[in-house]
>>> print(open('protein.txt').read())   # compact mmCIF, N, CA and C atoms
# COMPACT_ATOMS: atom_id res chain seq x y z
N MET A 1094 1.11 9.38 -15.90
CA MET A 1094 2.10 9.59 -14.89
C MET A 1094 3.18 10.49 -15.46
N THR A 1095 3.59 11.49 -14.70
CA THR A 1095 4.63 12.39 -15.17
C THR A 1095 5.93 12.03 -14.51
N SER A 1096 7.02 12.31 -15.20
CA SER A 1096 8.32 12.05 -14.62
C SER A 1096 8.78 13.28 -13.87
N GLY A 1097 9.57 13.06 -12.82
CA GLY A 1097 10.06 14.17 -12.03
C GLY A 1097 11.36 14.69 -12.61
N THR A 1098 11.92 15.65 -11.91
CA THR A 1098 13.19 16.20 -12.33
C THR A 1098 14.29 15.21 -12.02
N ASN A 1099 15.47 15.46 -12.54
CA ASN A 1099 16.60 14.58 -12.26
C ASN A 1099 16.89 14.52 -10.76
N ALA A 1100 16.77 15.65 -10.07
CA ALA A 1100 17.00 15.66 -8.63
C ALA A 1100 15.99 14.76 -7.92
N GLU A 1101 14.72 14.78 -8.37
CA GLU A 1101 13.71 13.92 -7.76
C GLU A 1101 13.98 12.45 -8.05
N ASN A 1102 14.52 12.17 -9.22
CA ASN A 1102 14.78 10.78 -9.59
C ASN A 1102 15.95 10.19 -8.81
N THR A 1103 16.88 11.02 -8.35
CA THR A 1103 18.04 10.51 -7.63
C THR A 1103 17.90 10.67 -6.13
N ALA A 1104 16.98 11.50 -5.66
CA ALA A 1104 16.80 11.73 -4.24
C ALA A 1104 16.14 10.53 -3.58
N GLN A 1105 16.39 10.38 -2.28
CA GLN A 1105 15.70 9.32 -1.55
C GLN A 1105 14.30 9.81 -1.24
N HIS A 1106 13.32 9.00 -1.57
CA HIS A 1106 11.93 9.36 -1.36
C HIS A 1106 11.47 8.88 0.01
N GLY A 1107 10.38 9.45 0.49
CA GLY A 1107 9.87 9.09 1.80
C GLY A 1107 9.52 7.63 1.95
N TYR A 1108 9.12 6.99 0.87
CA TYR A 1108 8.71 5.59 0.93
C TYR A 1108 9.87 4.62 0.82
N THR A 1109 11.08 5.12 0.59
CA THR A 1109 12.23 4.26 0.32
C THR A 1109 12.43 3.21 1.42
N ALA A 1110 12.28 3.60 2.67
CA ALA A 1110 12.48 2.65 3.77
C ALA A 1110 11.47 1.50 3.71
N ASP A 1111 10.29 1.76 3.18
CA ASP A 1111 9.23 0.75 3.11
C ASP A 1111 9.03 0.22 1.69
N LYS A 1112 10.00 0.45 0.82
CA LYS A 1112 9.87 0.08 -0.59
C LYS A 1112 9.53 -1.39 -0.78
N ASP A 1113 10.20 -2.27 -0.06
CA ASP A 1113 9.94 -3.70 -0.21
C ASP A 1113 8.50 -4.05 0.18
N ALA A 1114 8.00 -3.42 1.22
CA ALA A 1114 6.61 -3.67 1.64
C ALA A 1114 5.63 -3.18 0.58
N TYR A 1115 5.91 -2.01 0.00
CA TYR A 1115 5.04 -1.50 -1.06
C TYR A 1115 5.07 -2.42 -2.27
N LEU A 1116 6.25 -2.87 -2.64
CA LEU A 1116 6.36 -3.78 -3.79
C LEU A 1116 5.62 -5.09 -3.52
N LYS A 1117 5.71 -5.59 -2.30
CA LYS A 1117 5.01 -6.83 -1.95
C LYS A 1117 3.49 -6.63 -2.07
N ARG A 1118 3.01 -5.51 -1.55
CA ARG A 1118 1.57 -5.21 -1.66
C ARG A 1118 1.14 -5.11 -3.12
N LEU A 1119 1.94 -4.41 -3.91
CA LEU A 1119 1.58 -4.21 -5.32
C LEU A 1119 1.63 -5.52 -6.10
N ARG A 1120 2.55 -6.40 -5.77
CA ARG A 1120 2.57 -7.72 -6.42
C ARG A 1120 1.33 -8.54 -6.04
N ARG A 1121 0.89 -8.39 -4.80
CA ARG A 1121 -0.32 -9.07 -4.36
C ARG A 1121 -1.53 -8.53 -5.14
N VAL A 1122 -1.59 -7.22 -5.32
CA VAL A 1122 -2.68 -6.61 -6.09
C VAL A 1122 -2.62 -7.10 -7.53
N GLU A 1123 -1.43 -7.15 -8.08
CA GLU A 1123 -1.27 -7.64 -9.44
C GLU A 1123 -1.83 -9.06 -9.59
N GLY A 1124 -1.55 -9.90 -8.61
CA GLY A 1124 -2.09 -11.26 -8.62
C GLY A 1124 -3.60 -11.27 -8.51
N GLN A 1125 -4.14 -10.36 -7.68
CA GLN A 1125 -5.59 -10.26 -7.56
C GLN A 1125 -6.22 -9.86 -8.89
N VAL A 1126 -5.61 -8.93 -9.59
CA VAL A 1126 -6.15 -8.48 -10.88
C VAL A 1126 -6.11 -9.62 -11.89
N ARG A 1127 -5.02 -10.38 -11.90
CA ARG A 1127 -4.97 -11.54 -12.80
C ARG A 1127 -6.06 -12.55 -12.44
N GLY A 1128 -6.32 -12.70 -11.15
CA GLY A 1128 -7.40 -13.58 -10.71
C GLY A 1128 -8.76 -13.11 -11.17
N ILE A 1129 -8.97 -11.80 -11.15
CA ILE A 1129 -10.24 -11.25 -11.63
C ILE A 1129 -10.38 -11.52 -13.13
N ALA A 1130 -9.32 -11.33 -13.89
CA ALA A 1130 -9.38 -11.61 -15.33
C ALA A 1130 -9.72 -13.07 -15.58
N ARG A 1131 -9.14 -13.94 -14.77
CA ARG A 1131 -9.43 -15.37 -14.89
C ARG A 1131 -10.90 -15.65 -14.57
N MET A 1132 -11.42 -14.96 -13.56
CA MET A 1132 -12.83 -15.13 -13.21
C MET A 1132 -13.74 -14.74 -14.37
N VAL A 1133 -13.40 -13.64 -15.04
CA VAL A 1133 -14.19 -13.19 -16.19
C VAL A 1133 -14.10 -14.21 -17.31
N GLU A 1134 -12.87 -14.68 -17.58
CA GLU A 1134 -12.68 -15.69 -18.62
C GLU A 1134 -13.51 -16.95 -18.34
N GLU A 1135 -13.64 -17.29 -17.06
CA GLU A 1135 -14.36 -18.51 -16.67
C GLU A 1135 -15.84 -18.26 -16.40
N ASP A 1136 -16.31 -17.06 -16.75
CA ASP A 1136 -17.73 -16.70 -16.58
C ASP A 1136 -18.24 -16.89 -15.16
N LYS A 1137 -17.45 -16.45 -14.19
CA LYS A 1137 -17.87 -16.54 -12.79
C LYS A 1137 -19.00 -15.55 -12.51
N TYR A 1138 -19.66 -15.75 -11.41
CA TYR A 1138 -20.80 -14.93 -11.00
C TYR A 1138 -20.36 -13.47 -10.83
N CYS A 1139 -21.14 -12.55 -11.39
CA CYS A 1139 -20.76 -11.14 -11.43
C CYS A 1139 -20.52 -10.55 -10.04
N ILE A 1140 -21.32 -10.92 -9.08
CA ILE A 1140 -21.16 -10.38 -7.72
C ILE A 1140 -19.84 -10.83 -7.12
N ASP A 1141 -19.42 -12.05 -7.41
CA ASP A 1141 -18.13 -12.53 -6.92
C ASP A 1141 -16.99 -11.73 -7.56
N ILE A 1142 -17.12 -11.40 -8.82
CA ILE A 1142 -16.10 -10.59 -9.50
C ILE A 1142 -16.08 -9.19 -8.90
N LEU A 1143 -17.25 -8.60 -8.70
CA LEU A 1143 -17.32 -7.27 -8.10
C LEU A 1143 -16.71 -7.25 -6.70
N THR A 1144 -16.89 -8.30 -5.95
CA THR A 1144 -16.29 -8.41 -4.62
C THR A 1144 -14.77 -8.36 -4.71
N GLN A 1145 -14.22 -9.05 -5.70
CA GLN A 1145 -12.77 -9.04 -5.89
C GLN A 1145 -12.27 -7.68 -6.38
N VAL A 1146 -13.04 -7.02 -7.23
CA VAL A 1146 -12.68 -5.68 -7.69
C VAL A 1146 -12.65 -4.72 -6.50
N ALA A 1147 -13.62 -4.83 -5.62
CA ALA A 1147 -13.65 -3.99 -4.42
C ALA A 1147 -12.42 -4.24 -3.55
N ALA A 1148 -12.00 -5.49 -3.44
CA ALA A 1148 -10.82 -5.81 -2.65
C ALA A 1148 -9.56 -5.19 -3.26
N VAL A 1149 -9.46 -5.22 -4.58
CA VAL A 1149 -8.31 -4.60 -5.26
C VAL A 1149 -8.34 -3.09 -5.03
N ASN A 1150 -9.50 -2.48 -5.17
CA ASN A 1150 -9.61 -1.04 -4.94
C ASN A 1150 -9.19 -0.67 -3.52
N LYS A 1151 -9.61 -1.46 -2.55
CA LYS A 1151 -9.25 -1.21 -1.16
C LYS A 1151 -7.74 -1.35 -0.96
N ALA A 1152 -7.14 -2.36 -1.57
CA ALA A 1152 -5.70 -2.56 -1.44
C ALA A 1152 -4.93 -1.41 -2.08
N LEU A 1153 -5.35 -0.96 -3.26
CA LEU A 1153 -4.69 0.17 -3.91
C LEU A 1153 -4.89 1.46 -3.11
N HIS A 1154 -6.04 1.61 -2.50
CA HIS A 1154 -6.29 2.77 -1.65
C HIS A 1154 -5.32 2.78 -0.47
N ALA A 1155 -5.08 1.61 0.12
CA ALA A 1155 -4.14 1.52 1.24
C ALA A 1155 -2.73 1.90 0.81
N VAL A 1156 -2.33 1.47 -0.37
CA VAL A 1156 -1.02 1.85 -0.90
C VAL A 1156 -0.97 3.36 -1.12
N SER A 1157 -2.01 3.90 -1.71
CA SER A 1157 -2.07 5.33 -1.97
C SER A 1157 -1.98 6.14 -0.69
N MET A 1158 -2.72 5.74 0.31
CA MET A 1158 -2.70 6.47 1.58
C MET A 1158 -1.33 6.39 2.24
N GLY A 1159 -0.70 5.23 2.16
CA GLY A 1159 0.65 5.09 2.72
C GLY A 1159 1.63 6.00 2.02
N LEU A 1160 1.57 6.03 0.70
CA LEU A 1160 2.47 6.90 -0.06
C LEU A 1160 2.20 8.37 0.23
N LEU A 1161 0.95 8.73 0.39
CA LEU A 1161 0.60 10.11 0.71
C LEU A 1161 1.14 10.50 2.08
N GLU A 1162 0.98 9.61 3.05
CA GLU A 1162 1.51 9.87 4.39
C GLU A 1162 3.03 10.02 4.34
N GLU A 1163 3.69 9.17 3.56
CA GLU A 1163 5.14 9.26 3.42
C GLU A 1163 5.53 10.59 2.77
N HIS A 1164 4.77 11.02 1.77
CA HIS A 1164 5.07 12.29 1.10
C HIS A 1164 4.98 13.44 2.09
N ILE A 1165 3.94 13.44 2.89
CA ILE A 1165 3.77 14.54 3.85
C ILE A 1165 4.86 14.49 4.91
N ALA A 1166 5.11 13.29 5.46
CA ALA A 1166 6.08 13.16 6.54
C ALA A 1166 7.52 13.42 6.08
N HIS A 1167 7.83 13.07 4.85
CA HIS A 1167 9.20 13.20 4.38
C HIS A 1167 9.39 14.44 3.51
N CYS A 1168 8.63 14.53 2.45
CA CYS A 1168 8.85 15.60 1.46
C CYS A 1168 8.37 16.96 1.96
N VAL A 1169 7.15 17.02 2.49
CA VAL A 1169 6.61 18.29 2.95
C VAL A 1169 7.38 18.77 4.18
N VAL A 1170 7.58 17.88 5.14
CA VAL A 1170 8.31 18.27 6.35
C VAL A 1170 9.75 18.63 6.01
N GLY A 1171 10.37 17.88 5.11
CA GLY A 1171 11.74 18.20 4.70
C GLY A 1171 11.83 19.57 4.04
N ALA A 1172 10.86 19.88 3.21
CA ALA A 1172 10.84 21.20 2.56
C ALA A 1172 10.65 22.29 3.60
N ALA A 1173 9.82 22.04 4.61
CA ALA A 1173 9.60 23.03 5.67
C ALA A 1173 10.89 23.26 6.46
N GLN A 1174 11.59 22.18 6.75
CA GLN A 1174 12.86 22.32 7.46
C GLN A 1174 13.89 23.08 6.62
N ASP A 1175 13.96 22.77 5.34
CA ASP A 1175 14.88 23.47 4.44
C ASP A 1175 14.52 24.95 4.34
N SER A 1176 13.23 25.25 4.34
CA SER A 1176 12.81 26.65 4.20
C SER A 1176 13.18 27.46 5.43
N GLN A 1177 13.23 26.82 6.59
CA GLN A 1177 13.65 27.53 7.79
C GLN A 1177 15.10 27.98 7.68
N LEU A 1178 15.90 27.13 7.04
CA LEU A 1178 17.32 27.47 6.87
C LEU A 1178 17.53 28.51 5.78
N SER A 1179 16.77 28.37 4.69
CA SER A 1179 16.98 29.25 3.54
C SER A 1179 16.13 30.51 3.58
N GLY A 1180 15.03 30.47 4.29
CA GLY A 1180 14.11 31.59 4.30
C GLY A 1180 13.19 31.63 3.09
N ASN A 1181 13.32 30.65 2.20
CA ASN A 1181 12.49 30.58 0.99
C ASN A 1181 11.39 29.56 1.21
N ASN A 1182 10.16 30.00 1.15
CA ASN A 1182 9.01 29.16 1.44
C ASN A 1182 8.42 28.51 0.18
N ASP A 1183 9.00 28.77 -1.00
CA ASP A 1183 8.45 28.27 -2.26
C ASP A 1183 8.38 26.75 -2.31
N ALA A 1184 9.42 26.07 -1.86
CA ALA A 1184 9.45 24.61 -1.90
C ALA A 1184 8.36 24.01 -1.03
N VAL A 1185 8.10 24.63 0.10
CA VAL A 1185 7.03 24.14 0.99
C VAL A 1185 5.69 24.25 0.28
N GLN A 1186 5.43 25.39 -0.32
CA GLN A 1186 4.17 25.59 -1.04
C GLN A 1186 4.03 24.60 -2.18
N GLU A 1187 5.12 24.33 -2.89
CA GLU A 1187 5.08 23.36 -3.98
C GLU A 1187 4.74 21.97 -3.48
N LYS A 1188 5.36 21.53 -2.38
CA LYS A 1188 5.10 20.20 -1.84
C LYS A 1188 3.68 20.08 -1.30
N VAL A 1189 3.19 21.14 -0.68
CA VAL A 1189 1.81 21.13 -0.17
C VAL A 1189 0.84 21.06 -1.35
N GLN A 1190 1.11 21.81 -2.41
CA GLN A 1190 0.25 21.77 -3.60
C GLN A 1190 0.27 20.38 -4.23
N GLU A 1191 1.45 19.74 -4.27
CA GLU A 1191 1.53 18.37 -4.79
C GLU A 1191 0.65 17.44 -3.97
N ALA A 1192 0.73 17.56 -2.65
CA ALA A 1192 -0.08 16.71 -1.78
C ALA A 1192 -1.56 16.98 -1.98
N ALA A 1193 -1.95 18.23 -2.08
CA ALA A 1193 -3.36 18.58 -2.29
C ALA A 1193 -3.85 18.03 -3.62
N ALA A 1194 -3.03 18.14 -4.65
CA ALA A 1194 -3.43 17.61 -5.96
C ALA A 1194 -3.57 16.08 -5.91
N ALA A 1195 -2.66 15.42 -5.20
CA ALA A 1195 -2.74 13.96 -5.07
C ALA A 1195 -4.01 13.56 -4.31
N ILE A 1196 -4.34 14.29 -3.27
CA ILE A 1196 -5.56 14.01 -2.52
C ILE A 1196 -6.77 14.20 -3.43
N GLY A 1197 -6.75 15.25 -4.22
CA GLY A 1197 -7.85 15.50 -5.16
C GLY A 1197 -8.01 14.34 -6.15
N ARG A 1198 -6.89 13.82 -6.65
CA ARG A 1198 -6.97 12.68 -7.58
C ARG A 1198 -7.51 11.44 -6.89
N LEU A 1199 -7.15 11.25 -5.63
CA LEU A 1199 -7.63 10.08 -4.90
C LEU A 1199 -9.13 10.16 -4.61
N LEU A 1200 -9.64 11.36 -4.48
CA LEU A 1200 -11.06 11.55 -4.17
C LEU A 1200 -11.96 11.50 -5.38
N ARG A 1201 -11.40 11.54 -6.58
CA ARG A 1201 -12.22 11.48 -7.79
C ARG A 1201 -12.75 10.11 -8.02
>>> encode(input="protein.txt", output="C-alpha cells")
Amino acid sequence: MTSGTNAENTAQHGYTADKDAYLKRLRRVEGQVRGIARMVEEDKYCIDILTQVAAVNKALHAVSMGLLEEHIAHCVVGAAQDSQLSGNNDAVQEKVQEAAAAIGRLLR
C-alpha cells in the first residue's frame, strides 16, 4: 500500500460519509478470518474452511466495489468539475488512471 500526498491525507475522501459502515464491514471480515484460523487449528473439514474463505473474499470484494464507486463518484467527478473551472484536464486523467489501475488490481 502506498501513502498519498499530504493533500490526499487531509482531504475528505469519497467514502468518508460511509466510513463507519466500511469499518463495521471490515471488522466483520476480520472476525471471519479469525474464525477460519480457528477452523484450521481445530482441523475442520477442508470444504467448510473453503466455504468460509469464499465468504471472506466476497465480503472484501463488496468493500472494494463500494470504495471504487465512491472514488469514481467523488474523486473522478470532483476532478472533472475542477477541470472545467481551471481548464486543466491533468487531474481528471490522473484520477481515471487511478481507477483503471484499481480495477486492474481487483481483476487479478
>>> select_by_dssp(input="protein.txt", residues="chain A", states="helix (DSSP H, G or I)", output="ChimeraX atom specification")
/A:1099-1103,1109-1134,1139-1179,1183-1200
>>> residues_around(input="protein.txt", residues="Tyr1108 (chain A)", least_positions_apart="5", cutoff="6.5 Å", atoms="all atoms listed in the file", output="ChimeraX atom specification")
/A:1160,1163-1164
>>> closest_residue(input="protein.txt", among="A:Arg1118, A:Ala1193, A:Lys1112, A:Arg1201", to="Leu1161 (chain A)", atoms="only C-alpha atoms")
A:Ala1193
>>> closest_residue(input="protein.txt", among="A:Val1126, A:Gln1174, A:Val1133, A:Met1158", to="Val1146 (chain A)", atoms="only C-alpha atoms")
A:Val1126
>>> atom_distance(input="protein.txt", atom1="CA of Gly1107 (chain A)", atom2="CA of Leu1178 (chain A)")
20.5 Å
>>> atom_distance(input="protein.txt", atom1="atom N of Lys1188 (chain A)", atom2="CA of Ala1172 (chain A)")
7.4 Å
>>> atom_distance(input="protein.txt", atom1="CA of Gly1171 (chain A)", atom2="atom N of Lys1117 (chain A)")
25.5 Å
>>> closest_residue(input="protein.txt", among="A:Thr1109, A:Lys1137, A:Ile1165, A:Ala1148", to="Gly1124 (chain A)", atoms="only C-alpha atoms")
A:Ala1148
>>> closest_residue(input="protein.txt", among="A:Val1169, A:Asp1113, A:Ile1140, A:Arg1127", to="Glu1191 (chain A)", atoms="only C-alpha atoms")
A:Val1169
>>> closest_residue(input="protein.txt", among="A:Leu1153, A:Ala1166, A:Leu1143, A:Val1185", to="Arg1120 (chain A)", atoms="only C-alpha atoms")
A:Leu1153
